[in-house]
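Participant: Next comes the structure file coords33.cif, holding mmCIF, C-alpha atoms.
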```cif
data_structure
#
loop_
_atom_site.group_PDB
_atom_site.id
_atom_site.type_symbol
_atom_site.label_atom_id
_atom_site.label_comp_id
_atom_site.auth_asym_id
_atom_site.auth_seq_id
_atom_site.Cartn_x
_atom_site.Cartn_y
_atom_site.Cartn_z
ATOM 1 C CA MET F 107 76.461 128.646 -7.832
ATOM 2 C CA THR F 108 77.928 127.859 -4.452
ATOM 3 C CA SER F 109 80.465 125.479 -3.007
ATOM 4 C CA PRO F 110 80.893 124.695 0.687
ATOM 5 C CA GLU F 111 83.359 127.551 1.041
ATOM 6 C CA ALA F 112 82.539 129.951 -1.782
ATOM 7 C CA THR F 113 79.955 131.494 -4.010
ATOM 8 C CA ILE F 114 80.842 131.348 -7.703
ATOM 9 C CA ARG F 115 79.370 134.197 -9.702
ATOM 10 C CA PRO F 116 80.035 136.396 -12.733
ATOM 11 C CA ALA F 117 82.684 139.030 -12.112
ATOM 12 C CA VAL F 118 81.652 142.671 -11.885
ATOM 13 C CA HIS F 119 83.788 145.792 -12.130
ATOM 14 C CA ALA F 120 83.896 146.126 -8.327
ATOM 15 C CA ASP F 121 85.769 142.769 -8.172
ATOM 16 C CA LEU F 122 88.606 143.796 -10.434
ATOM 17 C CA LYS F 123 90.864 145.457 -7.849
ATOM 18 C CA ALA F 124 90.920 142.133 -5.984
ATOM 19 C CA VAL F 125 91.448 140.262 -9.278
ATOM 20 C CA ALA F 126 94.388 142.562 -10.066
ATOM 21 C CA ASP F 127 95.881 141.975 -6.603
ATOM 22 C CA ILE F 128 95.586 138.179 -6.888
ATOM 23 C CA TYR F 129 97.159 138.158 -10.335
ATOM 24 C CA ALA F 130 99.945 140.557 -9.291
ATOM 25 C CA HIS F 131 101.117 138.028 -6.697
ATOM 26 C CA TYR F 132 101.602 135.384 -9.402
ATOM 27 C CA VAL F 133 103.316 137.831 -11.755
ATOM 28 C CA ARG F 134 105.801 138.966 -9.109
ATOM 29 C CA HIS F 135 106.506 135.738 -7.257
ATOM 30 C CA THR F 136 105.884 132.753 -9.559
ATOM 31 C CA VAL F 137 106.363 131.413 -13.060
ATOM 32 C CA THR F 138 102.695 130.436 -13.269
ATOM 33 C CA THR F 139 102.177 133.328 -15.665
ATOM 34 C CA PHE F 140 104.712 134.561 -18.160
ATOM 35 C CA ASP F 141 103.610 138.170 -17.591
ATOM 36 C CA GLU F 142 106.369 140.184 -15.949
ATOM 37 C CA THR F 143 104.356 143.304 -15.157
ATOM 38 C CA PRO F 144 101.094 143.126 -13.193
ATOM 39 C CA ARG F 145 97.962 144.310 -14.962
ATOM 40 C CA SER F 146 96.132 147.311 -13.536
ATOM 41 C CA ALA F 147 92.493 147.217 -12.472
ATOM 42 C CA ALA F 148 91.755 149.311 -15.592
ATOM 43 C CA GLU F 149 93.330 146.614 -17.792
ATOM 44 C CA TRP F 150 91.201 144.004 -16.012
ATOM 45 C CA GLU F 151 88.130 146.161 -16.703
ATOM 46 C CA GLN F 152 88.996 146.084 -20.403
ATOM 47 C CA ARG F 153 89.414 142.305 -20.206
ATOM 48 C CA LEU F 154 86.059 141.852 -18.477
ATOM 49 C CA ASP F 155 84.322 144.085 -21.025
ATOM 50 C CA GLU F 156 85.980 142.252 -23.947
ATOM 51 C CA LEU F 157 84.978 138.825 -22.648
ATOM 52 C CA THR F 158 81.449 139.916 -21.782
ATOM 53 C CA GLY F 159 81.129 141.375 -25.291
ATOM 54 C CA ARG F 160 82.079 137.977 -26.722
ATOM 55 C CA ASP F 161 79.606 136.175 -24.415
ATOM 56 C CA LEU F 162 82.501 134.476 -22.633
ATOM 57 C CA PRO F 163 82.516 133.771 -18.894
ATOM 58 C CA PHE F 164 84.578 135.639 -16.306
ATOM 59 C CA LEU F 165 83.807 134.234 -12.864
ATOM 60 C CA VAL F 166 84.915 134.954 -9.321
ATOM 61 C CA ALA F 167 84.924 132.811 -6.201
ATOM 62 C CA GLU F 168 83.703 134.883 -3.285
ATOM 63 C CA ARG F 169 84.451 133.698 0.224
ATOM 64 C CA SER F 170 83.427 135.614 3.363
ATOM 65 C CA GLY F 171 82.563 138.636 1.206
ATOM 66 C CA ALA F 172 85.960 138.800 -0.515
ATOM 67 C CA VAL F 173 87.163 137.635 -3.922
ATOM 68 C CA ALA F 174 89.274 134.525 -3.288
ATOM 69 C CA GLY F 175 89.871 133.554 -6.908
ATOM 70 C CA PHE F 176 88.828 134.076 -10.494
ATOM 71 C CA ALA F 177 88.538 132.191 -13.754
ATOM 72 C CA TYR F 178 87.723 133.145 -17.309
ATOM 73 C CA ALA F 179 87.546 131.645 -20.774
ATOM 74 C CA GLY F 180 89.262 133.818 -23.345
ATOM 75 C CA PRO F 181 89.931 133.448 -27.044
ATOM 76 C CA TRP F 182 92.545 130.787 -27.803
ATOM 77 C CA ARG F 183 93.998 132.674 -30.769
ATOM 78 C CA PRO F 184 92.931 135.865 -32.577
ATOM 79 C CA LYS F 185 92.399 134.361 -36.043
ATOM 80 C CA PRO F 186 88.726 133.847 -37.002
ATOM 81 C CA ALA F 187 89.012 130.091 -37.536
ATOM 82 C CA TYR F 188 89.777 129.702 -33.802
ATOM 83 C CA GLN F 189 86.592 131.460 -32.682
ATOM 84 C CA HIS F 190 85.046 128.265 -31.299
ATOM 85 C CA THR F 191 88.036 127.448 -29.072
ATOM 86 C CA VAL F 192 88.786 129.093 -25.730
ATOM 87 C CA GLU F 193 91.643 129.015 -23.241
ATOM 88 C CA ASP F 194 90.871 128.819 -19.552
ATOM 89 C CA THR F 195 92.586 130.892 -16.883
ATOM 90 C CA ILE F 196 92.265 130.235 -13.141
ATOM 91 C CA TYR F 197 94.013 132.025 -10.274
ATOM 92 C CA LEU F 198 93.370 131.770 -6.547
ATOM 93 C CA ALA F 199 94.391 134.116 -3.763
ATOM 94 C CA PRO F 200 97.578 132.709 -2.210
ATOM 95 C CA ASP F 201 95.779 132.002 1.076
ATOM 96 C CA ALA F 202 92.880 130.264 -0.717
ATOM 97 C CA THR F 203 94.726 127.434 -2.449
ATOM 98 C CA GLY F 204 94.127 123.799 -1.554
ATOM 99 C CA ARG F 205 90.503 124.368 -0.516
ATOM 100 C CA GLY F 206 88.658 123.210 -3.616
ATOM 101 C CA LEU F 207 88.160 126.652 -5.143
ATOM 102 C CA GLY F 208 89.847 125.650 -8.407
ATOM 103 C CA THR F 209 87.313 122.835 -8.727
ATOM 104 C CA ALA F 210 84.502 125.185 -7.739
ATOM 105 C CA LEU F 211 85.523 127.603 -10.513
ATOM 106 C CA LEU F 212 86.449 125.201 -13.333
ATOM 107 C CA GLY F 213 83.143 123.306 -13.431
ATOM 108 C CA PRO F 214 80.986 126.426 -13.953
ATOM 109 C CA LEU F 215 83.571 127.886 -16.341
ATOM 110 C CA ILE F 216 83.282 124.810 -18.559
ATOM 111 C CA ALA F 217 79.484 124.927 -18.350
ATOM 112 C CA GLU F 218 79.347 128.616 -19.283
ATOM 113 C CA ALA F 219 81.792 128.250 -22.183
ATOM 114 C CA THR F 220 79.679 125.346 -23.453
ATOM 115 C CA ARG F 221 76.516 127.421 -23.083
ATOM 116 C CA ALA F 222 78.233 130.163 -25.112
ATOM 117 C CA GLY F 223 78.613 127.697 -27.995
ATOM 118 C CA ARG F 224 82.339 127.068 -27.773
ATOM 119 C CA ARG F 225 83.563 123.599 -28.794
ATOM 120 C CA GLN F 226 87.052 123.193 -27.303
ATOM 121 C CA MET F 227 88.819 124.454 -24.195
ATOM 122 C CA ILE F 228 92.609 124.625 -23.996
ATOM 123 C CA ALA F 229 94.681 124.852 -20.824
ATOM 124 C CA VAL F 230 98.216 126.213 -21.064
ATOM 125 C CA ILE F 231 99.952 125.254 -17.833
ATOM 126 C CA ALA F 232 103.426 126.460 -16.891
ATOM 127 C CA ASP F 233 105.588 123.648 -15.578
ATOM 128 C CA THR F 234 106.194 124.882 -12.044
ATOM 129 C CA GLY F 235 107.180 121.516 -10.627
ATOM 130 C CA SER F 236 103.700 121.037 -9.149
ATOM 131 C CA ASP F 237 101.068 118.836 -10.769
ATOM 132 C CA ALA F 238 98.101 120.542 -9.041
ATOM 133 C CA SER F 239 96.837 122.461 -12.083
ATOM 134 C CA ALA F 240 97.236 119.528 -14.460
ATOM 135 C CA ALA F 241 95.516 117.221 -11.948
ATOM 136 C CA LEU F 242 92.617 119.668 -11.613
ATOM 137 C CA HIS F 243 92.190 119.776 -15.378
ATOM 138 C CA ARG F 244 92.418 115.987 -15.712
ATOM 139 C CA ARG F 245 89.566 115.630 -13.196
ATOM 140 C CA PHE F 246 87.423 117.634 -15.622
ATOM 141 C CA GLY F 247 88.273 115.534 -18.668
ATOM 142 C CA PHE F 248 91.217 117.466 -20.086
ATOM 143 C CA THR F 249 93.856 115.336 -21.775
ATOM 144 C CA ASP F 250 97.468 116.113 -22.554
ATOM 145 C CA ALA F 251 97.847 117.653 -25.998
ATOM 146 C CA GLY F 252 101.573 118.375 -25.903
ATOM 147 C CA ARG F 253 104.496 119.998 -24.178
ATOM 148 C CA LEU F 254 106.415 123.039 -25.346
ATOM 149 C CA THR F 255 109.946 122.860 -23.989
ATOM 150 C CA ALA F 256 111.775 125.900 -22.582
ATOM 151 C CA VAL F 257 109.436 128.410 -24.227
ATOM 152 C CA GLY F 258 109.386 130.864 -21.329
ATOM 153 C CA HIS F 259 112.149 132.461 -19.288
ATOM 154 C CA LYS F 260 111.277 134.101 -15.993
ATOM 155 C CA HIS F 261 112.959 134.529 -12.615
ATOM 156 C CA GLY F 262 116.192 133.141 -14.044
ATOM 157 C CA ARG F 263 114.857 129.836 -15.297
ATOM 158 C CA TRP F 264 113.523 128.255 -18.472
ATOM 159 C CA ILE F 265 109.958 127.009 -18.233
ATOM 160 C CA ASP F 266 108.030 124.420 -20.224
ATOM 161 C CA THR F 267 104.302 124.620 -20.821
ATOM 162 C CA LEU F 268 101.915 121.706 -20.828
ATOM 163 C CA LEU F 269 99.034 121.977 -23.290
ATOM 164 C CA MET F 270 95.795 120.234 -22.332
ATOM 165 C CA GLN F 271 92.518 120.092 -24.249
ATOM 166 C CA ARG F 272 88.895 119.232 -23.570
ATOM 167 C CA PRO F 273 85.920 119.088 -25.932
ATOM 168 C CA LEU F 274 83.002 121.200 -24.773
ATOM 169 C CA SER F 275 80.392 119.858 -27.154
ATOM 170 C CA GLY F 276 80.248 117.084 -29.712
ATOM 171 C CA GLN F 277 83.165 114.757 -30.259
ATOM 172 C CA GLY F 278 84.830 116.453 -33.193
ATOM 173 C CA PRO F 279 84.484 119.236 -35.725
ATOM 174 C CA ASP F 280 81.812 117.485 -37.813
ATOM 175 C CA HIS F 281 79.574 116.261 -34.987
ATOM 176 C CA GLU F 282 76.457 117.879 -33.648
ATOM 177 C CA PRO F 283 76.887 119.585 -30.274
ATOM 178 C CA GLY F 284 76.234 117.347 -27.296
ATOM 179 C CA PRO F 285 76.726 117.434 -23.572
ATOM 180 C CA PRO F 286 80.261 117.853 -22.224
ATOM 181 C CA PRO F 287 82.044 114.746 -20.976
ATOM 182 C CA THR F 288 81.273 113.877 -17.376
ATOM 183 C CA GLU F 289 83.689 114.814 -14.640
ATOM 184 C CA ARG F 290 86.304 112.166 -13.888
ATOM 185 C CA ARG F 291 87.538 111.481 -10.379
#
```
Could you quickly redo this structure as structure tokens?
Facilitator:
Amino acid sequence: MTSPEATIRPAVHADLKAVADIYAHYVRHTVTTFDETPRSAAEWEQRLDELTGRDLPFLVAERSGAVAGFAYAGPWRPKPAYQHTVEDTIYLAPDATGRGLGTALLGPLIAEATRAGRRQMIAVIADTGSDASAALHRRFGFTDAGRLTAVGHKHGRWIDTLLMQRPLSGQGPDHEPGPPPTERR
């Protein structure tokens, strides 16, 4: 899969140092993630292996031979009844934002999670004061599912999270799987 500026492909172990570096920026300098300690490349290797073992996608955007962003679909919750629902995660290198890489990653991520037989995708978006992530998700058919008020505290401030949801197949729990909704612009 390619976009005008990037190749989107499954992540491999050699990508995970770059993934760790991208994520570390957001941990240290933003409230986009509620993690307070960056994950090591070894922890990212465990994450990649876990997701691959569950047939879940972990993708990277490669631009000019370097990893410029990543996205994965992970389990929404650990309880067995949630096994058909995933949560998406997307992070871009700080110098790669605003270039369409989020769009380039989210489309294939949705397609791969659908292919893997998942039925719902959840986005948990920290309220950073920017609507970019929510707008990206809305373009792909996510709708607001709720807001959790002041549930995180980082860098001296309380942060809300916006919950968004998108069906991946069918229209409800009792329907046969079908194609995902078309992208909205």
Participant: Report as a PyMOL selection string all protein, DNA and RNA residues lying within 8 Å of range 207-209 of chain F, evaluated on only C-alpha atoms, omitting residues in the same chain fewer than 4 positions from it.
Facilitator: chain F and resi 111-112+167+175+196-198+202-203+213+242
Participant: State, in Å with one decimal place, the distance from CA of Trp150 in chain F to CA of Thr195 in chain F.
Facilitator: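 Interatomic distance here is 13.2 Å.
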Participant: Which residue, F:Leu274, F:Val125, F:Ala187, F:Ala179, has the smallest gap to Thr220 in chain F when you use all atoms listed in the file?
Facilitator: F:Leu274
Participant: Between F:Arg169, F:His131, F:Arg245, F:Arg263, which one has atoms that come closest to Asp233 in chain F, using all atoms listed in the file?
Facilitator: F:Arg263
Participant: Measuring between only C-alpha atoms, which one of F:Thr158, F:Thr139, F:Thr249, F:Thr255 shows the shortest distance to Ala222 in chain F?
Facilitator: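 Nearest candidate to Ala222 in chain F out of F:Thr158, F:Thr139, F:Thr249, F:Thr255: F:Thr158.
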Participant: As a check of understanding, name the residues that the PyMOL selection byres ((chain F and resi 140-147) around 6) selects in the supplied structure, as a PyMOL selection string.
Facilitator: chain F and resi 122-123+126+130+133+139+148-150
Participant: Check the smallest atom-to-atom distance from each of F:Gly247, F:Pro273, F:Gly258, F:Gly171 to Thr191 in chain F using all atoms listed in the file, then report the winner.
Facilitator: F:Pro273
Participant: Could you give me, as number ranges by chain, the residues that sit within 8 Å of (88.3, 124.5, -28.7) in the file's coordinates, counting all atoms listed in the file?
Facilitator: F: 182, 188, 190-193, 224-228, 271-274
Participant: Find the distance between CA of Gly180 in chain F and CA of Leu211 in chain F and write it in Å to one decimal.
Facilitator: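 Calculated distance between CA of Gly180 in chain F and CA of Leu211 in chain F is 14.7 Å.
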Participant: Do you have the CA of Ile114 in chain F-CA of Pro214 in chain F distance handy?
Facilitator: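 According to the coordinates, CA of Ile114 in chain F and CA of Pro214 in chain F are separated by 8.0 Å.
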Participant: Measuring between all atoms listed in the file, which one of F:Ala217, F:Val118, F:Ala232, F:Leu269 shows the shortest distance to Thr136 in chain F?
Facilitator: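 With all atoms listed in the file as the atom set, the closest residue is F:Ala232.
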Participant: Please identify all polymer residues within 7 Å of Val166 in chain F, counting only C-alpha atoms, omitting same-chain residues fewer than 4 positions from it, and present them as an mmCIF file with C-alpha atoms, in the coordinates of the input.
Facilitator:
```cif
data_model
loop_
_atom_site.group_PDB
_atom_site.id
_atom_site.type_symbol
_atom_site.label_atom_id
_atom_site.label_comp_id
_atom_site.auth_asym_id
_atom_site.auth_seq_id
_atom_site.Cartn_x
_atom_site.Cartn_y
_atom_site.Cartn_z
ATOM 1 C CA ILE F 114 80.842 131.348 -7.703
ATOM 2 C CA ARG F 115 79.370 134.197 -9.702
ATOM 3 C CA PRO F 116 80.035 136.396 -12.733
ATOM 4 C CA ALA F 117 82.684 139.030 -12.112
ATOM 5 C CA VAL F 173 87.163 137.635 -3.922
ATOM 6 C CA GLY F 175 89.871 133.554 -6.908
ATOM 7 C CA PHE F 176 88.828 134.076 -10.494
ATOM 8 C CA ALA F 177 88.538 132.191 -13.754
#
```
Participant: Would you list the contacts of Val257 in chain F as a PyMOL selection string, taking every protein, DNA or RNA residue within 10 Å and counting only C-alpha atoms, but skipping same-chain residues closer than 2 positions in sequence?
Facilitator: chain F and resi 140+232+253-255+259+264-267
Participant: Adding 6 Å on each side of the box along x, y and z that holds all listed atoms of range 124-143 of chain F, could you give its centre and edge lengths in Å to one decimal, as JSON?
Facilitator:
```
{"center_x": 98.7, "center_y": 136.9, "center_z": -12.1, "size_x": 27.6, "size_y": 24.9, "size_z": 24.2}
```
Participant: Using only C-alpha atoms, pick whichever of F:Ala219, F:Asp237, F:Pro200, F:Leu268 has the shortest atom-to-atom distance to Tyr178 in chain F.
Facilitator: F:Ala219
